[in-house]
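Undergrad: Take a look at the following structure, please.
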Amino acid sequence: MPRVKKEPLRKCLATNTQHPKKELFRVVRTPDGNVVVDLKGKLNGRGAYISKSMEAIKIARTKKVLDRQLEVKVSDEIYEEMIGLLGDNIEK
């Protein structure tokens, strides 16, 4: 019987729900203090996860959950980038 690989689950900071990593954006504060959306999930630094939904991004922006988690001011460009990456194929 082949071993089934476990899907890593992470918690969305905005909605407080668990999802597989593929269904979340990873936002990283790099060691030099920059904040970026980590599409590959491999960047060094402190990471935080947000669901790939418009609702979760809006909650994260209004409650400033990324600012608290990453301990740095997260610019609007990061939220705009996530909204742009949503595209039309993911729930809005």
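By convention in this document, the chains of the structure tokens carry letters A, B, ... by their order, each chain's residues are numbered from 1, and ligands are numbered from 1 in the order they are shown.
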Find the residues around region 22-33 of chain A up to 6 Å (only C-alpha atoms counted), leave out those fewer than 4 positions away in its own chain, and share them as a list in words.

TA: Val37, Asp38, Gly45, Arg46, Gly47, Ala48, Tyr49, Ile50, Ser51 and Lys52 of chain A

Undergrad: Would you export the selected residues with C-alpha atoms as a tab-separated table (two decimals), in the first residue's frame, please?

TA:
chain	number	residue	atom	x	y	z
A	37	VAL	CA	4.24	37.99	-1.39
A	38	ASP	CA	6.06	34.65	-1.54
A	45	GLY	CA	12.07	35.31	6.72
A	46	ARG	CA	9.01	35.52	8.92
A	47	GLY	CA	5.96	34.26	7.07
A	48	ALA	CA	2.24	34.80	7.50
A	49	TYR	CA	-0.63	33.18	5.61
A	50	ILE	CA	-3.78	34.75	4.14
A	51	SER	CA	-6.57	32.85	2.33
A	52	LYS	CA	-6.85	33.35	-1.40

Undergrad: Near Gln69 (chain A), within 9 Å and counting only C-alpha atoms, which residues show up once chain neighbours fewer than 2 positions away are dropped, as a PyMOL selection string?

TA: chain A and resi 13+46-48+64-67+71-72

Undergrad: DSSP on the backbone: which residues in chain A end up as strand (DSSP E)? Give the answer as an MDAnalysis selection string.

TA: chainID A and resid 9:11 18:20 24:29 35:38 46:51

Undergrad: Can you tell me, as a PDB file with C-alpha atoms, in the first residue's frame, what residues are no more than 12 Å from region 3-7 of chain A when counting only C-alpha atoms, ignoring any on the same chain fewer than 3 positions away?

TA:
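Written out: selection19.pdb:
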ATOM      1  CA  ARG A  10      -1.712  26.451   7.656  1.00  0.00           C
ATOM      2  CA  GLN A  18      -7.087  26.101   8.311  1.00  0.00           C
ATOM      3  CA  HIS A  19      -6.367  25.444   4.642  1.00  0.00           C
ATOM      4  CA  PRO A  20      -3.828  23.509   2.587  1.00  0.00           C
ATOM      5  CA  LYS A  21      -0.789  25.693   1.834  1.00  0.00           C
ATOM      6  CA  LYS A  22      -1.747  25.867  -1.867  1.00  0.00           C
ATOM      7  CA  GLU A  23      -4.946  27.748  -0.985  1.00  0.00           C
TER       8      GLU A  23
END

Undergrad: Go through A:Leu70, A:Met1, A:Ala56, A:Lys42 and flag the residue nearest Asn16 (chain A), using only C-alpha atoms for the distances.

TA: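 When distances to Asn16 (chain A) are compared using only C-alpha atoms, the smallest one comes from A:Ala56.
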
Undergrad: So how far away is CA of Val35 (chain A) from CA of Ile78 (chain A), in Å?

TA: 7.7 Å

Undergrad: Can you list, as a PDB file with N, CA and C atoms, in the first residue's frame, all residues belonging to chain A that DSSP tags as helix (DSSP H, G or I)?

TA:
ATOM      1  N   LYS A  21      -1.679  24.573   2.180  1.00  0.00           N
ATOM      2  CA  LYS A  21      -0.789  25.693   1.834  1.00  0.00           C
ATOM      3  C   LYS A  21      -1.073  26.265   0.448  1.00  0.00           C
ATOM      4  N   LYS A  22      -1.500  25.410  -0.490  1.00  0.00           N
ATOM      5  CA  LYS A  22      -1.747  25.867  -1.867  1.00  0.00           C
ATOM      6  C   LYS A  22      -2.890  26.874  -1.954  1.00  0.00           C
ATOM      7  N   GLU A  23      -3.778  26.862  -0.964  1.00  0.00           N
ATOM      8  CA  GLU A  23      -4.946  27.748  -0.985  1.00  0.00           C
ATOM      9  C   GLU A  23      -4.691  29.065  -0.251  1.00  0.00           C
ATOM     10  N   MET A  54     -11.074  37.329  -1.596  1.00  0.00           N
ATOM     11  CA  MET A  54     -11.194  38.780  -1.460  1.00  0.00           C
ATOM     12  C   MET A  54     -11.585  39.151  -0.027  1.00  0.00           C
ATOM     13  N   GLU A  55     -12.480  38.358   0.559  1.00  0.00           N
ATOM     14  CA  GLU A  55     -12.948  38.605   1.928  1.00  0.00           C
ATOM     15  C   GLU A  55     -11.770  38.586   2.915  1.00  0.00           C
ATOM     16  N   ALA A  56     -10.929  37.573   2.809  1.00  0.00           N
ATOM     17  CA  ALA A  56      -9.795  37.441   3.733  1.00  0.00           C
ATOM     18  C   ALA A  56      -8.813  38.596   3.567  1.00  0.00           C
ATOM     19  N   ILE A  57      -8.559  39.010   2.330  1.00  0.00           N
ATOM     20  CA  ILE A  57      -7.636  40.114   2.078  1.00  0.00           C
ATOM     21  C   ILE A  57      -8.193  41.410   2.668  1.00  0.00           C
ATOM     22  N   LYS A  58      -9.508  41.627   2.514  1.00  0.00           N
ATOM     23  CA  LYS A  58     -10.130  42.836   3.083  1.00  0.00           C
ATOM     24  C   LYS A  58     -10.041  42.840   4.606  1.00  0.00           C
ATOM     25  N   ILE A  59     -10.295  41.681   5.227  1.00  0.00           N
ATOM     26  CA  ILE A  59     -10.207  41.584   6.688  1.00  0.00           C
ATOM     27  C   ILE A  59      -8.779  41.877   7.141  1.00  0.00           C
ATOM     28  N   ALA A  60      -7.809  41.263   6.454  1.00  0.00           N
ATOM     29  CA  ALA A  60      -6.402  41.453   6.812  1.00  0.00           C
ATOM     30  C   ALA A  60      -6.008  42.924   6.699  1.00  0.00           C
ATOM     31  N   ARG A  61      -6.521  43.589   5.676  1.00  0.00           N
ATOM     32  CA  ARG A  61      -6.169  45.000   5.456  1.00  0.00           C
ATOM     33  C   ARG A  61      -6.791  45.895   6.532  1.00  0.00           C
ATOM     34  N   THR A  62      -8.064  45.677   6.842  1.00  0.00           N
ATOM     35  CA  THR A  62      -8.728  46.560   7.803  1.00  0.00           C
ATOM     36  C   THR A  62      -8.266  46.314   9.229  1.00  0.00           C
ATOM     37  N   LYS A  63      -8.029  45.057   9.592  1.00  0.00           N
ATOM     38  CA  LYS A  63      -7.603  44.744  10.966  1.00  0.00           C
ATOM     39  C   LYS A  63      -6.087  44.790  11.142  1.00  0.00           C
ATOM     40  N   VAL A  65      -3.784  42.666  10.409  1.00  0.00           N
ATOM     41  CA  VAL A  65      -3.230  41.444  11.007  1.00  0.00           C
ATOM     42  C   VAL A  65      -1.812  41.165  10.514  1.00  0.00           C
ATOM     43  N   LEU A  66      -1.512  41.513   9.257  1.00  0.00           N
ATOM     44  CA  LEU A  66      -0.152  41.296   8.749  1.00  0.00           C
ATOM     45  C   LEU A  66       0.841  42.222   9.442  1.00  0.00           C
ATOM     46  N   ASP A  67       0.427  43.461   9.699  1.00  0.00           N
ATOM     47  CA  ASP A  67       1.314  44.407  10.393  1.00  0.00           C
ATOM     48  C   ASP A  67       1.727  43.849  11.747  1.00  0.00           C
ATOM     49  N   ARG A  68       0.747  43.292  12.481  1.00  0.00           N
ATOM     50  CA  ARG A  68       1.042  42.742  13.805  1.00  0.00           C
ATOM     51  C   ARG A  68       1.898  41.487  13.715  1.00  0.00           C
ATOM     52  N   GLN A  69       1.540  40.585  12.818  1.00  0.00           N
ATOM     53  CA  GLN A  69       2.246  39.316  12.727  1.00  0.00           C
ATOM     54  C   GLN A  69       3.687  39.488  12.257  1.00  0.00           C
ATOM     55  N   LEU A  70       3.890  40.353  11.267  1.00  0.00           N
ATOM     56  CA  LEU A  70       5.228  40.544  10.699  1.00  0.00           C
ATOM     57  C   LEU A  70       6.014  41.632  11.418  1.00  0.00           C
ATOM     58  N   ASP A  76       0.081  49.119   1.149  1.00  0.00           N
ATOM     59  CA  ASP A  76      -1.108  48.780   0.368  1.00  0.00           C
ATOM     60  C   ASP A  76      -0.745  48.005  -0.891  1.00  0.00           C
ATOM     61  N   GLU A  77       0.479  48.192  -1.393  1.00  0.00           N
ATOM     62  CA  GLU A  77       0.885  47.476  -2.617  1.00  0.00           C
ATOM     63  C   GLU A  77       0.834  45.959  -2.410  1.00  0.00           C
ATOM     64  N   ILE A  78       1.149  45.499  -1.209  1.00  0.00           N
ATOM     65  CA  ILE A  78       1.118  44.056  -0.922  1.00  0.00           C
ATOM     66  C   ILE A  78      -0.315  43.537  -1.054  1.00  0.00           C
ATOM     67  N   TYR A  79      -1.276  44.273  -0.491  1.00  0.00           N
ATOM     68  CA  TYR A  79      -2.678  43.860  -0.594  1.00  0.00           C
ATOM     69  C   TYR A  79      -3.155  43.925  -2.044  1.00  0.00           C
ATOM     70  N   GLU A  80      -2.739  44.978  -2.759  1.00  0.00           N
ATOM     71  CA  GLU A  80      -3.118  45.110  -4.165  1.00  0.00           C
ATOM     72  C   GLU A  80      -2.534  43.966  -4.994  1.00  0.00           C
ATOM     73  N   GLU A  81      -1.298  43.572  -4.676  1.00  0.00           N
ATOM     74  CA  GLU A  81      -0.669  42.461  -5.390  1.00  0.00           C
ATOM     75  C   GLU A  81      -1.455  41.166  -5.162  1.00  0.00           C
ATOM     76  N   MET A  82      -1.874  40.921  -3.923  1.00  0.00           N
ATOM     77  CA  MET A  82      -2.654  39.709  -3.634  1.00  0.00           C
ATOM     78  C   MET A  82      -3.988  39.735  -4.373  1.00  0.00           C
ATOM     79  N   ILE A  83      -4.640  40.899  -4.406  1.00  0.00           N
ATOM     80  CA  ILE A  83      -5.911  41.029  -5.117  1.00  0.00           C
ATOM     81  C   ILE A  83      -5.689  40.761  -6.610  1.00  0.00           C
ATOM     82  N   GLY A  84      -4.600  41.296  -7.148  1.00  0.00           N
ATOM     83  CA  GLY A  84      -4.270  41.062  -8.555  1.00  0.00           C
ATOM     84  C   GLY A  84      -4.002  39.595  -8.847  1.00  0.00           C
ATOM     85  N   LEU A  85      -3.357  38.909  -7.899  1.00  0.00           N
ATOM     86  CA  LEU A  85      -3.041  37.489  -8.087  1.00  0.00           C
ATOM     87  C   LEU A  85      -4.270  36.599  -7.980  1.00  0.00           C
ATOM     88  N   LEU A  86      -5.325  37.113  -7.343  1.00  0.00           N
ATOM     89  CA  LEU A  86      -6.547  36.305  -7.224  1.00  0.00           C
ATOM     90  C   LEU A  86      -7.082  35.919  -8.586  1.00  0.00           C
TER      91      LEU A  86
END
